[in-house]
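Trainee: Structure file query12.cif (mmCIF, C-alpha atoms) right here:
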```cif
data_final
#
loop_
_atom_site.label_atom_id
_atom_site.label_comp_id
_atom_site.auth_asym_id
_atom_site.auth_seq_id
_atom_site.Cartn_x
_atom_site.Cartn_y
_atom_site.Cartn_z
CA MET A 1 0.00 0.00 0.00
CA VAL A 2 1.36 3.41 -1.00
CA PRO A 3 1.85 5.71 2.03
CA ARG A 4 -0.62 8.60 2.05
CA ARG A 5 2.08 11.29 2.20
CA ARG A 6 3.85 9.94 -0.90
CA PHE A 7 0.51 9.76 -2.77
CA SER A 8 -0.26 13.39 -1.87
CA ARG A 9 3.15 14.52 -3.08
CA ARG A 10 2.70 12.68 -6.39
CA PHE A 11 -0.79 14.11 -6.77
CA ALA A 12 0.53 17.62 -6.18
CA VAL A 13 3.26 17.17 -8.81
CA VAL A 14 0.78 15.80 -11.37
CA ALA A 15 -1.71 18.57 -10.62
CA ALA A 16 0.95 21.26 -10.99
CA GLY A 17 2.05 19.74 -14.30
CA ALA A 18 -1.52 19.73 -15.55
CA VAL A 19 -1.96 23.40 -14.65
CA LEU A 20 1.27 24.32 -16.44
CA LEU A 21 0.24 22.31 -19.51
CA PHE A 22 -3.16 24.07 -19.55
CA LEU A 23 -1.55 27.53 -19.26
CA TRP A 24 0.91 26.69 -22.06
CA HIS A 25 -1.97 25.54 -24.27
CA VAL A 26 -3.91 28.79 -23.66
CA TRP A 27 -0.82 30.83 -24.51
CA SER A 28 -0.26 28.72 -27.65
CA LEU A 29 -3.83 29.26 -28.80
CA GLN A 30 -3.57 33.01 -28.31
CA SER A 31 -0.29 33.12 -30.23
CA ASP A 32 -1.80 31.23 -33.15
CA LEU A 33 -4.82 33.50 -33.26
CA GLN A 34 -2.48 36.50 -33.42
CA ALA A 35 -0.62 35.09 -36.45
CA PRO A 36 -1.34 38.06 -38.78
CA SER A 37 1.33 40.01 -36.91
CA GLY A 38 3.88 37.64 -38.43
CA ASN A 39 5.09 36.30 -35.06
CA THR A 40 4.63 32.56 -35.30
CA LYS A 41 5.95 29.74 -33.18
CA THR A 42 8.67 27.61 -34.70
CA LYS A 43 8.16 23.89 -34.18
CA THR A 44 9.95 20.83 -35.47
CA SER A 45 8.55 19.84 -38.87
CA SER A 46 7.73 16.39 -40.19
CA SER A 47 9.07 15.29 -43.58
CA SER A 48 5.79 13.89 -44.84
CA GLY A 49 2.14 13.39 -44.00
CA THR A 50 0.14 15.75 -41.84
CA ASN A 51 1.55 18.07 -39.21
CA PRO A 52 1.67 15.83 -36.11
CA GLU A 53 3.08 18.64 -33.98
CA TYR A 54 -0.25 20.47 -34.29
CA VAL A 55 -2.57 17.51 -33.72
CA GLY A 56 -5.14 18.51 -31.11
CA GLU A 57 -4.31 22.20 -31.48
CA PRO A 58 -5.87 24.89 -33.68
CA ALA A 59 -3.88 24.98 -36.91
CA PRO A 60 -1.73 28.15 -37.03
CA ILE A 61 -2.06 30.49 -39.98
CA CYS A 62 1.64 30.92 -40.71
CA PRO A 63 4.21 28.18 -41.28
CA PRO A 64 7.72 28.61 -39.84
CA PHE A 65 9.74 30.99 -42.02
CA PRO A 66 13.43 30.43 -41.15
CA GLY A 67 15.37 33.55 -42.10
CA ILE A 68 12.39 35.87 -42.60
CA ASP A 69 13.65 38.34 -39.96
CA ASP A 70 16.59 39.07 -42.25
CA VAL A 71 14.30 40.07 -45.13
CA LEU A 72 12.59 43.35 -45.98
CA VAL A 73 9.75 42.92 -48.47
CA VAL A 74 9.33 46.00 -50.65
CA MET A 75 6.06 46.40 -52.55
CA LYS A 76 5.64 48.95 -55.35
CA THR A 77 2.21 50.29 -56.28
CA GLY A 78 0.50 53.48 -57.51
CA VAL A 79 -2.40 55.69 -56.53
CA THR A 80 -4.64 54.46 -59.36
CA GLU A 81 -4.40 50.83 -58.25
CA ALA A 82 -3.44 50.77 -54.58
CA ARG A 83 -6.92 50.59 -53.06
CA ASP A 84 -7.95 47.81 -55.44
CA LYS A 85 -4.81 45.67 -55.39
CA VAL A 86 -3.00 46.19 -52.09
CA PRO A 87 -5.61 45.14 -49.45
CA ILE A 88 -5.67 41.46 -50.49
CA HIS A 89 -1.98 41.21 -49.55
CA PHE A 90 -2.68 42.08 -45.92
CA GLN A 91 -4.63 38.83 -45.63
CA THR A 92 -2.36 36.75 -47.88
CA THR A 93 1.22 37.42 -49.01
CA LEU A 94 2.05 39.98 -46.30
CA ARG A 95 0.06 38.38 -43.51
CA CYS A 96 2.98 36.43 -42.07
CA ILE A 97 5.76 38.87 -42.99
CA PRO A 98 7.24 40.77 -40.05
CA HIS A 99 9.10 43.41 -42.09
CA TYR A 100 7.60 45.04 -45.15
CA VAL A 101 7.18 48.49 -46.63
CA ILE A 102 4.93 49.72 -49.46
CA TYR A 103 5.88 52.57 -51.79
CA SER A 104 3.57 54.49 -54.10
CA ASP A 105 3.29 57.89 -55.78
CA PHE A 106 0.85 59.06 -53.08
CA GLU A 107 1.18 58.78 -49.32
CA GLU A 108 -1.97 57.46 -47.65
CA VAL A 109 -3.20 54.89 -45.14
CA ILE A 110 -4.96 51.75 -46.38
CA GLU A 111 -6.51 49.46 -43.77
CA GLY A 112 -4.24 50.91 -41.10
CA VAL A 113 -1.04 50.48 -43.12
CA THR A 114 0.95 53.52 -44.28
CA ILE A 115 1.66 53.61 -48.00
CA HIS A 116 4.81 55.70 -48.39
CA ASP A 117 5.63 58.32 -51.01
CA ALA A 118 8.49 56.95 -53.12
CA PHE A 119 9.34 60.48 -54.28
CA ARG A 120 9.78 61.98 -50.82
CA THR A 121 13.41 62.91 -51.54
CA MET A 122 13.11 63.41 -55.30
CA ASP A 123 14.62 66.58 -56.76
CA PRO A 124 11.72 69.13 -56.87
CA GLU A 125 13.13 70.68 -60.04
CA VAL A 126 12.76 67.36 -61.86
CA MET A 127 9.20 66.92 -60.65
CA GLU A 128 8.28 70.42 -61.80
CA ARG A 129 9.65 70.24 -65.34
CA VAL A 130 9.09 66.59 -66.34
CA PRO A 131 5.54 65.93 -67.67
CA ASP A 132 5.56 62.40 -66.20
CA PHE A 133 5.04 64.03 -62.78
CA ASP A 134 1.85 65.88 -63.76
CA ILE A 135 -0.35 63.28 -62.08
CA TYR A 136 1.87 63.26 -58.99
CA ASN A 137 1.79 67.05 -58.60
CA ARG A 138 -1.97 67.13 -59.14
CA ILE A 139 -2.78 64.59 -56.43
CA ALA A 140 -0.18 66.15 -54.12
CA ARG A 141 -2.27 69.34 -54.26
CA SER A 142 -5.78 67.86 -54.30
CA GLY A 143 -5.49 64.32 -52.92
CA ARG A 144 -7.48 61.54 -54.51
CA GLN A 145 -10.08 64.10 -55.54
CA GLY A 146 -7.55 65.31 -58.09
CA LEU A 147 -7.60 62.03 -60.02
CA GLU A 148 -9.12 62.21 -63.49
CA GLN A 149 -10.87 59.55 -65.54
CA ASN A 150 -7.94 59.37 -67.94
CA ASP A 151 -5.66 58.41 -65.06
CA PHE A 152 -7.44 55.05 -64.87
CA ALA A 153 -7.31 54.39 -68.63
CA ASP A 154 -5.64 51.08 -69.31
CA GLU A 155 -4.15 49.54 -72.43
CA ASP A 156 -2.46 46.32 -73.44
CA ASN A 157 1.28 46.15 -72.86
CA SER A 158 3.21 47.01 -76.01
CA ALA A 159 6.88 46.76 -76.92
CA ILE A 160 7.35 50.01 -74.98
CA GLY A 161 4.89 49.37 -72.17
CA LYS A 162 1.80 51.58 -71.74
CA PRO A 163 2.82 55.05 -73.00
CA ASN A 164 -0.74 56.43 -72.79
CA ASN A 165 -1.22 55.52 -69.12
CA PRO A 166 -0.17 58.41 -66.79
CA GLY A 167 0.46 56.17 -63.77
CA TRP A 168 2.51 53.74 -65.83
CA LYS A 169 4.71 56.56 -67.21
CA LEU A 170 5.36 57.83 -63.69
CA ASP A 171 6.14 54.34 -62.40
CA LYS A 172 9.59 54.19 -64.02
CA TRP A 173 10.78 56.96 -61.72
CA LYS A 174 10.15 54.94 -58.53
CA PHE A 175 12.92 52.36 -58.79
CA LEU A 176 16.01 54.39 -57.87
CA PRO A 177 14.46 56.49 -55.06
CA MET A 178 12.76 53.33 -53.78
CA ALA A 179 16.13 51.58 -53.57
CA GLN A 180 17.45 54.33 -51.29
CA GLU A 181 14.29 54.44 -49.19
CA ALA A 182 14.22 50.65 -48.69
CA LEU A 183 17.82 50.62 -47.50
CA GLN A 184 16.99 53.24 -44.89
CA ALA A 185 13.82 51.41 -43.83
CA LYS A 186 15.79 48.34 -42.65
CA PRO A 187 19.54 48.92 -42.95
CA ASP A 188 20.32 45.62 -41.20
CA ALA A 189 18.32 43.47 -43.65
CA LYS A 190 20.35 40.83 -45.46
CA TRP A 191 17.87 40.61 -48.34
CA PHE A 192 15.50 43.05 -50.03
CA VAL A 193 12.69 41.36 -51.95
CA PHE A 194 10.92 43.67 -54.41
CA MET A 195 7.43 42.84 -55.67
CA GLU A 196 4.42 44.54 -57.21
CA ALA A 197 0.79 44.60 -56.12
CA ASP A 198 -0.23 42.01 -58.73
CA THR A 199 2.56 39.57 -57.80
CA TYR A 200 2.33 36.47 -55.60
CA VAL A 201 5.36 35.11 -53.73
CA SER A 202 5.74 31.66 -52.15
CA TRP A 203 7.73 32.66 -49.07
CA PRO A 204 8.85 29.19 -47.85
CA THR A 205 10.18 28.43 -51.33
CA LEU A 206 11.87 31.81 -51.61
CA LEU A 207 13.60 31.43 -48.24
CA ALA A 208 14.80 27.92 -49.12
CA TRP A 209 16.26 29.40 -52.31
CA LEU A 210 17.94 32.36 -50.61
CA ALA A 211 19.51 30.02 -48.04
CA ARG A 212 21.71 28.72 -50.87
CA PHE A 213 23.36 32.13 -51.36
CA ASN A 214 25.82 34.13 -49.30
CA PRO A 215 23.98 37.34 -48.36
CA SER A 216 27.31 39.11 -47.84
CA ASP A 217 27.93 38.99 -51.60
CA PRO A 218 26.64 41.84 -53.82
CA LEU A 219 23.76 39.91 -55.40
CA TYR A 220 21.02 40.91 -57.86
CA ILE A 221 18.62 38.07 -58.68
CA GLY A 222 15.71 38.18 -61.12
CA THR A 223 14.11 37.07 -64.35
CA GLU A 224 16.40 38.13 -67.15
CA THR A 225 15.08 40.74 -69.59
CA GLN A 226 16.93 42.85 -72.14
CA ILE A 227 16.43 46.28 -73.67
CA ALA A 228 19.17 47.35 -76.08
CA ASP A 229 22.45 46.38 -74.36
CA VAL A 230 21.09 46.34 -70.80
CA ILE A 231 20.21 43.01 -69.14
CA PHE A 232 18.07 43.50 -66.06
CA ALA A 233 15.55 41.83 -63.73
CA HIS A 234 11.93 42.11 -64.80
CA GLY A 235 10.23 44.17 -62.09
CA GLY A 236 6.82 42.56 -62.15
CA SER A 237 8.29 39.08 -61.67
CA GLY A 238 9.86 40.22 -58.44
CA PHE A 239 13.59 40.55 -57.86
CA ILE A 240 16.01 40.28 -54.95
CA LEU A 241 18.98 42.34 -53.86
CA SER A 242 21.40 41.55 -51.06
CA ASN A 243 22.28 44.38 -48.70
CA SER A 244 25.57 45.10 -50.42
CA GLY A 245 23.91 44.90 -53.83
CA LEU A 246 21.27 47.45 -52.85
CA THR A 247 23.89 49.63 -51.17
CA ALA A 248 25.86 49.69 -54.42
CA ALA A 249 22.79 50.86 -56.35
CA SER A 250 21.96 53.48 -53.74
CA ASN A 251 25.50 54.86 -53.72
CA GLU A 252 25.62 54.95 -57.51
CA TYR A 253 22.36 56.90 -57.66
CA GLU A 254 23.51 59.34 -54.98
CA ALA A 255 26.78 60.01 -56.80
CA ARG A 256 25.16 60.44 -60.25
CA ARG A 257 21.67 61.63 -59.37
CA ALA A 258 21.31 64.40 -61.98
CA GLU A 259 22.76 62.22 -64.75
CA LEU A 260 20.57 59.23 -63.87
CA ASP A 261 17.45 61.38 -63.60
CA GLU A 262 18.07 62.49 -67.17
CA PHE A 263 18.66 58.88 -68.23
CA THR A 264 15.38 57.85 -66.60
CA ASN A 265 13.56 60.69 -68.34
CA GLY A 266 14.69 59.40 -71.72
CA HIS A 267 13.89 55.76 -70.95
CA TRP A 268 10.58 53.94 -70.61
CA ALA A 269 11.32 51.09 -68.16
CA GLY A 270 12.36 51.76 -64.58
CA ASP A 271 13.48 48.19 -63.92
CA CYS A 272 15.89 48.55 -66.85
CA VAL A 273 17.21 51.81 -65.38
CA LEU A 274 17.90 50.05 -62.08
CA GLY A 275 19.61 47.20 -63.93
CA LYS A 276 21.91 49.64 -65.71
CA VAL A 277 22.80 51.37 -62.45
CA LEU A 278 23.64 48.03 -60.84
CA ALA A 279 25.73 46.97 -63.84
CA ASP A 280 27.61 50.30 -63.69
CA ALA A 281 28.27 49.55 -60.01
CA GLY A 282 29.65 46.11 -60.93
CA VAL A 283 26.66 44.05 -59.74
CA GLN A 284 25.62 41.63 -62.47
CA LEU A 285 22.27 39.90 -62.71
CA LEU A 286 21.86 36.25 -61.69
CA TYR A 287 19.25 34.71 -64.00
CA SER A 288 16.24 33.28 -62.18
CA TRP A 289 13.84 31.99 -64.87
CA PRO A 290 11.64 29.96 -64.38
CA ILE A 291 11.79 30.43 -60.60
CA LEU A 292 10.47 33.99 -60.81
CA GLN A 293 7.81 34.15 -63.51
CA ASN A 294 6.80 37.12 -65.63
CA SER A 295 3.69 35.13 -66.61
CA ASN A 296 0.41 34.63 -64.85
CA ILE A 297 -0.77 31.13 -63.99
CA GLY A 298 -2.88 30.68 -67.11
CA GLU A 299 0.11 31.40 -69.36
CA LEU A 300 2.50 28.95 -67.69
CA ASP A 301 3.92 26.24 -69.93
CA GLU A 302 5.28 23.75 -67.41
CA PHE A 303 6.26 21.22 -70.12
CA ASP A 304 8.26 23.61 -72.30
CA GLN A 305 11.64 22.17 -73.29
CA SER A 306 12.67 24.78 -75.85
CA LEU A 307 14.52 27.11 -73.46
CA TYR A 308 17.70 26.73 -71.44
CA ARG A 309 15.83 25.31 -68.44
CA ASN A 310 12.90 22.91 -68.28
CA PRO A 311 10.49 24.24 -65.62
CA TRP A 312 9.12 20.90 -64.31
CA CYS A 313 11.47 20.33 -61.35
CA TYR A 314 12.41 23.95 -60.75
CA ALA A 315 11.27 25.87 -57.69
CA SER A 316 8.23 28.06 -58.27
CA VAL A 317 8.58 31.27 -56.25
CA ALA A 318 6.60 34.08 -57.90
CA PHE A 319 3.87 34.80 -60.46
CA HIS A 320 2.83 38.09 -62.06
CA HIS A 321 -0.28 39.75 -63.53
CA LEU A 322 -2.61 38.17 -60.97
CA SER A 323 -6.02 39.34 -59.83
CA SER A 324 -6.85 39.65 -56.13
CA THR A 325 -8.89 36.44 -56.40
CA GLU A 326 -5.95 34.54 -57.91
CA ILE A 327 -3.62 35.80 -55.17
CA GLN A 328 -6.08 34.64 -52.53
CA ASP A 329 -6.50 31.25 -54.23
CA LEU A 330 -2.74 30.68 -54.30
CA TRP A 331 -2.38 31.65 -50.66
CA LYS A 332 -5.16 29.22 -49.65
CA PHE A 333 -3.56 26.54 -51.84
CA GLU A 334 -0.16 26.86 -50.17
CA LYS A 335 -1.70 27.06 -46.70
CA LYS A 336 -3.62 23.83 -47.34
CA ARG A 337 -0.50 22.06 -48.66
CA TRP A 338 1.32 22.89 -45.47
CA HIS A 339 -1.53 22.07 -43.09
CA ASP A 340 -2.51 18.80 -44.80
CA LYS A 341 0.82 17.42 -46.01
CA ASN A 342 3.49 19.61 -44.43
CA LYS A 343 4.68 20.63 -47.90
CA ARG A 344 6.56 23.91 -48.01
CA ILE A 345 8.71 23.91 -51.15
CA LEU A 346 6.65 24.59 -54.27
CA LEU A 347 7.90 23.26 -57.63
CA HIS A 348 6.47 23.92 -61.08
CA SER A 349 5.47 20.26 -61.21
CA ASP A 350 3.50 20.79 -57.98
CA MET A 351 1.81 23.82 -59.49
CA PHE A 352 0.66 21.79 -62.45
CA ARG A 353 -0.32 18.59 -60.63
CA GLU A 354 -2.00 20.18 -57.64
CA PHE A 355 -3.27 23.57 -58.83
CA ILE A 356 -3.58 23.76 -62.62
CA PHE A 357 -4.57 20.23 -63.64
CA PRO A 358 -7.47 19.95 -61.13
CA GLN A 359 -8.99 23.05 -62.77
CA ILE A 360 -8.57 21.52 -66.21
CA ALA A 361 -10.01 18.17 -65.12
CA ALA A 362 -13.00 19.86 -63.48
CA HIS A 363 -13.84 21.70 -66.72
CA PRO A 364 -12.40 19.79 -69.73
CA SER A 365 -14.17 22.24 -72.05
CA ARG A 366 -14.80 25.92 -71.34
CA LEU A 367 -16.80 28.63 -73.07
CA ASN A 368 -15.26 32.10 -73.33
CA TRP A 369 -11.81 30.66 -72.64
CA ASP A 370 -8.49 30.65 -74.49
CA ASN A 371 -5.92 27.99 -73.55
CA PHE A 372 -3.30 29.42 -75.92
CA SER A 373 -3.30 26.54 -78.41
CA GLU A 374 -0.98 27.59 -81.24
CA GLN A 375 -1.08 25.12 -84.13
CA GLU A 376 -3.67 26.42 -86.59
CA ASP A 377 -5.66 23.91 -88.65
CA LEU A 378 -7.83 25.09 -91.51
CA VAL A 379 -9.81 21.83 -91.85
CA ALA A 380 -12.00 22.11 -88.74
CA SER A 381 -14.78 24.72 -88.99
CA THR A 382 -16.56 24.11 -85.64
CA PHE A 383 -15.54 23.50 -82.04
CA GLU A 384 -16.69 19.87 -82.29
CA GLU A 385 -14.62 19.31 -85.42
CA CYS A 386 -11.65 20.93 -83.68
CA GLU A 387 -12.01 18.51 -80.78
CA ALA A 388 -12.24 15.54 -83.15
CA LEU A 389 -9.17 16.75 -85.02
CA CYS A 390 -7.17 16.93 -81.78
CA GLU A 391 -8.19 13.36 -80.95
CA THR A 392 -6.77 12.14 -84.27
CA LYS A 393 -3.36 13.65 -83.50
CA PRO A 394 -1.42 11.33 -81.15
CA LEU A 395 0.40 14.17 -79.38
CA CYS A 396 -2.45 16.68 -79.16
CA VAL A 397 -3.62 17.39 -75.61
CA GLN A 398 -5.68 20.56 -76.01
CA TYR A 399 -7.55 22.62 -78.60
CA SER A 400 -9.17 26.01 -78.97
CA PHE A 401 -11.70 27.38 -81.44
CA ARG A 402 -10.97 31.10 -81.72
CA ASP A 403 -12.77 33.52 -84.00
CA GLY A 404 -13.85 30.74 -86.37
CA LYS A 405 -10.48 28.96 -86.51
CA CYS A 406 -9.21 25.75 -84.93
CA PHE A 407 -5.94 25.61 -83.00
CA THR A 408 -4.36 22.59 -81.28
CA ASN A 409 -1.39 22.09 -78.98
CA ASP A 410 0.95 19.33 -77.79
CA ARG A 411 1.56 20.87 -74.35
CA PRO A 412 -1.20 21.76 -71.86
CA ARG A 413 -1.79 25.24 -70.47
CA LEU A 414 -4.62 26.52 -68.32
CA GLY A 415 -5.36 29.70 -70.27
CA VAL A 416 -7.42 32.81 -69.54
CA SER A 417 -10.69 34.47 -70.40
CA PRO A 418 -9.91 36.40 -73.61
CA LYS A 419 -9.99 40.20 -73.60
CA HIS A 420 -10.86 40.33 -77.28
CA GLY A 421 -12.72 38.04 -79.68
CA GLN A 422 -14.49 34.77 -78.98
CA SER A 423 -12.89 31.52 -77.93
CA THR A 424 -13.90 28.09 -76.63
CA SER A 425 -11.26 25.67 -75.38
CA GLY A 426 -10.95 22.01 -74.42
CA TRP A 427 -8.44 19.47 -73.13
CA LEU A 428 -7.92 15.70 -73.47
CA THR A 429 -7.40 15.02 -69.78
CA SER A 430 -6.40 11.34 -70.08
CA ARG A 431 -3.51 12.30 -72.36
CA ILE A 432 -2.46 15.05 -69.96
CA ARG A 433 -2.39 12.51 -67.14
CA ASN A 434 -0.14 10.34 -69.30
CA ILE A 435 2.41 13.08 -69.91
CA MET A 436 2.38 13.94 -66.19
CA ASP A 437 3.15 10.29 -65.45
CA GLU A 438 5.94 10.34 -68.02
CA LYS A 439 7.51 13.39 -66.40
CA GLY A 440 7.28 11.66 -63.04
CA LEU A 441 8.08 12.97 -59.60
CA CYS A 442 11.07 15.22 -58.98
CA ARG A 443 13.85 13.66 -56.91
CA GLN A 444 15.15 17.07 -55.91
CA SER A 445 14.26 20.72 -56.16
CA GLU A 446 16.14 22.67 -58.82
CA PHE A 447 17.21 26.19 -57.88
CA GLY A 448 19.33 27.05 -60.92
CA LEU A 449 22.63 27.12 -59.02
#
```
Here is the file; what I need is its structure written in the form of structure tokens.
Mentor:
Amino acid sequence: MVPRRRFSRRFAVVAAGAVLLFLWHVWSLQSDLQAPSGNTKTKTSSSSGTNPEYVGEPAPICPPFPGIDDVLVVMKTGVTEARDKVPIHFQTTLRCIPHYVIYSDFEEVIEGVTIHDAFRTMDPEVMERVPDFDIYNRIARSGRQGLEQNDFADEDNSAIGKPNNPGWKLDKWKFLPMAQEALQAKPDAKWFVFMEADTYVSWPTLLAWLARFNPSDPLYIGTETQIADVIFAHGGSGFILSNSGLTAASNEYEARRAELDEFTNGHWAGDCVLGKVLADAGVQLLYSWPILQNSNIGELDEFDQSLYRNPWCYASVAFHHLSSTEIQDLWKFEKKRWHDKNKRILLHSDMFREFIFPQIAAHPSRLNWDNFSEQEDLVASTFEECEALCETKPLCVQYSFRDGKCFTNDRPRLGVSPKHGQSTSGWLTSRIRNIMDEKGLCRQSEFGL
């Protein structure tokens, strides 16, 4: 028989442990519910299956982000789009980010977040004499009430951008001042990640990628683009600068401000201007395609083998030209992958298998839809004939009947709702499954290093 005193002591120890466990659980629950602040608990992860460390607990919103405290996320936007495009990021891409700053051509507060004026330290003489700043000067005097209908006029991107859009013409001026401002916002950051308001970033994948670099090196990473003799990172795809890389650009701009303002005035692309400044400072671009995409999801060609990299097993970090709904869908998709299967790294093969193909399989034919089929065939004169024609071609996996013409394709793409003309599209899903099986699973993640 256990002595009564020993039983009481054991009972007291057990009771105290239970109280401590209960208090820890309450604190844990409160921390998880406060996840939008970006302060999440780091717990040991499992390599596969569900997240056993959270069994019996409310699932936290944010996964562990090793290294995120060393990153400043810099978002670029403009007064004509900020209220439409920025708010979705507070509940998605920026929700778990502890350090971010947003720059625009108009200082204001959106949902409690300050949107900073990128031209705060710009030379007033430049802003007075250069017509690109007309919209900026007008709203500086009158606020949003000074916006005009023409300020919201949009047009398709051309070989020289959108020259008839006032906000787009002003946008090129933001890159160099924004570089200086970002460096002052978090001078101890190891990495500066630049993105736009219609860009989505997979943060766990990005951080896994950046962990492969030395942040002490002067680095400039982005999707390679070229205008004349300048090779630069495409701004909308997102790009990354190490601290020393950004410092080099900032110093170069400070030393040659008047000269570079004139260069910017005669150019049409601000990301190209920044690329030239970095090249002049001796910081060369590291090519990132297809990791950072200048395409939206519907345009992705995950089976393309014509370029210097095949996307299938490459990391998939960022997408561009997305609507608020698409950004939200991607955020929910990644959150579910982590909660259900503890998957954090996103590959292009994952994007196709888990995000794109389920949409295709759910709607194997779609009205008012263009899946970018390219091979024109003059025989078929109806959508049904176009489908039948695709079935006769052994390699054909999709077809589109656009403006009275049939087009087929050997590689699947999701597509988009067309801005102009009429289009109906379809896919042969069993053949797409076959080519997915042929590509197989990726044994490792490719980061282009």
Trainee: Please build the interface table for region 167-197 of chain A against region 318-339 of chain A with a cut-off of 12 Å, listing for each qualifying residue the nearest atom pair and the distance in Å to one decimal; count only C-alpha atoms, order rows by chain and increasing number, and write it as CSV.
Mentor:
```
residue,atom,partner,partner_atom,distance
A:Val193,CA,A:Ala318,CA,11.2
A:Phe194,CA,A:Ala318,CA,11.1
A:Met195,CA,A:Ala318,CA,9.1
A:Glu196,CA,A:His320,CA,8.2
A:Ala197,CA,A:Leu322,CA,8.7
```
Trainee: Rounded to one decimal in Å, what is the spacing between CA of Pro215 (chain A) and CA of Gly67 (chain A)?
Mentor: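 Result for CA of Pro215 (chain A) versus CA of Gly67 (chain A): 11.3 Å, one decimal.
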Trainee: CA of Ala82 (chain A) and CA of Asn164 (chain A) are how many Å apart?
Mentor: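 We find that CA of Ala82 (chain A) and CA of Asn164 (chain A) lie 19.3 Å from each other.
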Trainee: A:Pro394, A:Pro412, A:Pro358, A:Pro60: which is nearest Ser373 (chain A), counting only C-alpha atoms?
Mentor: A:Pro412
Trainee: Of the residues A:Asp123, A:Asp410, A:Asp188, A:Glu128, which is the one nearest to Lys393 (chain A), using all atoms listed in the file?
Mentor: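 For Lys393 (chain A), the nearest of the candidates is A:Asp410.
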Trainee: Could you state the separation of CA of Ala233 (chain A) and CA of Arg344 (chain A) in Å, given to one decimal place?
Mentor: 25.5 Å
Trainee: Run the PyMOL selection byres ((chain A and resi 416) around 8) on the file and write out the hits as an NGL selection string.
Mentor: :A and (298-299 or 369-371 or 414-415 or 417-418)
Trainee: Hey, what comes out of the PyMOL selection byres ((chain A and resi 86-102) around 9) on this file? Could you write it as a PyMOL selection string?
Mentor: chain A and resi 35-40+61-63+65+68-77+81-85+103-104+110-111+113-118+182+185-186+197-198+200-203+324-325+327-328+330-332
Trainee: Could you pull the residues within 12 Å of region 210-213 of chain A, counting only C-alpha atoms, minus those fewer than 6 positions along the same chain, as a PyMOL selection string?
Mentor: chain A and resi 65-68+70-71+190-193+203-204+219-221+239-242+286+288+291+315+317+446-449
Trainee: Would you export the selected residues with C-alpha atoms as a PDB file, keeping the file's coordinate frame, please?
Mentor:
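The file below, part.pdb, is the result:
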```
ATOM      1  CA  PHE A  65       9.740  30.990 -42.020  1.00  0.00           C
ATOM      2  CA  PRO A  66      13.430  30.430 -41.150  1.00  0.00           C
ATOM      3  CA  GLY A  67      15.370  33.550 -42.100  1.00  0.00           C
ATOM      4  CA  ILE A  68      12.390  35.870 -42.600  1.00  0.00           C
ATOM      5  CA  ASP A  70      16.590  39.070 -42.250  1.00  0.00           C
ATOM      6  CA  VAL A  71      14.300  40.070 -45.130  1.00  0.00           C
ATOM      7  CA  LYS A 190      20.350  40.830 -45.460  1.00  0.00           C
ATOM      8  CA  TRP A 191      17.870  40.610 -48.340  1.00  0.00           C
ATOM      9  CA  PHE A 192      15.500  43.050 -50.030  1.00  0.00           C
ATOM     10  CA  VAL A 193      12.690  41.360 -51.950  1.00  0.00           C
ATOM     11  CA  TRP A 203       7.730  32.660 -49.070  1.00  0.00           C
ATOM     12  CA  PRO A 204       8.850  29.190 -47.850  1.00  0.00           C
ATOM     13  CA  LEU A 219      23.760  39.910 -55.400  1.00  0.00           C
ATOM     14  CA  TYR A 220      21.020  40.910 -57.860  1.00  0.00           C
ATOM     15  CA  ILE A 221      18.620  38.070 -58.680  1.00  0.00           C
ATOM     16  CA  PHE A 239      13.590  40.550 -57.860  1.00  0.00           C
ATOM     17  CA  ILE A 240      16.010  40.280 -54.950  1.00  0.00           C
ATOM     18  CA  LEU A 241      18.980  42.340 -53.860  1.00  0.00           C
ATOM     19  CA  SER A 242      21.400  41.550 -51.060  1.00  0.00           C
ATOM     20  CA  LEU A 286      21.860  36.250 -61.690  1.00  0.00           C
ATOM     21  CA  SER A 288      16.240  33.280 -62.180  1.00  0.00           C
ATOM     22  CA  ILE A 291      11.790  30.430 -60.600  1.00  0.00           C
ATOM     23  CA  ALA A 315      11.270  25.870 -57.690  1.00  0.00           C
ATOM     24  CA  VAL A 317       8.580  31.270 -56.250  1.00  0.00           C
ATOM     25  CA  GLU A 446      16.140  22.670 -58.820  1.00  0.00           C
ATOM     26  CA  PHE A 447      17.210  26.190 -57.880  1.00  0.00           C
ATOM     27  CA  GLY A 448      19.330  27.050 -60.920  1.00  0.00           C
ATOM     28  CA  LEU A 449      22.630  27.120 -59.020  1.00  0.00           C
TER      29      LEU A 449
END
```
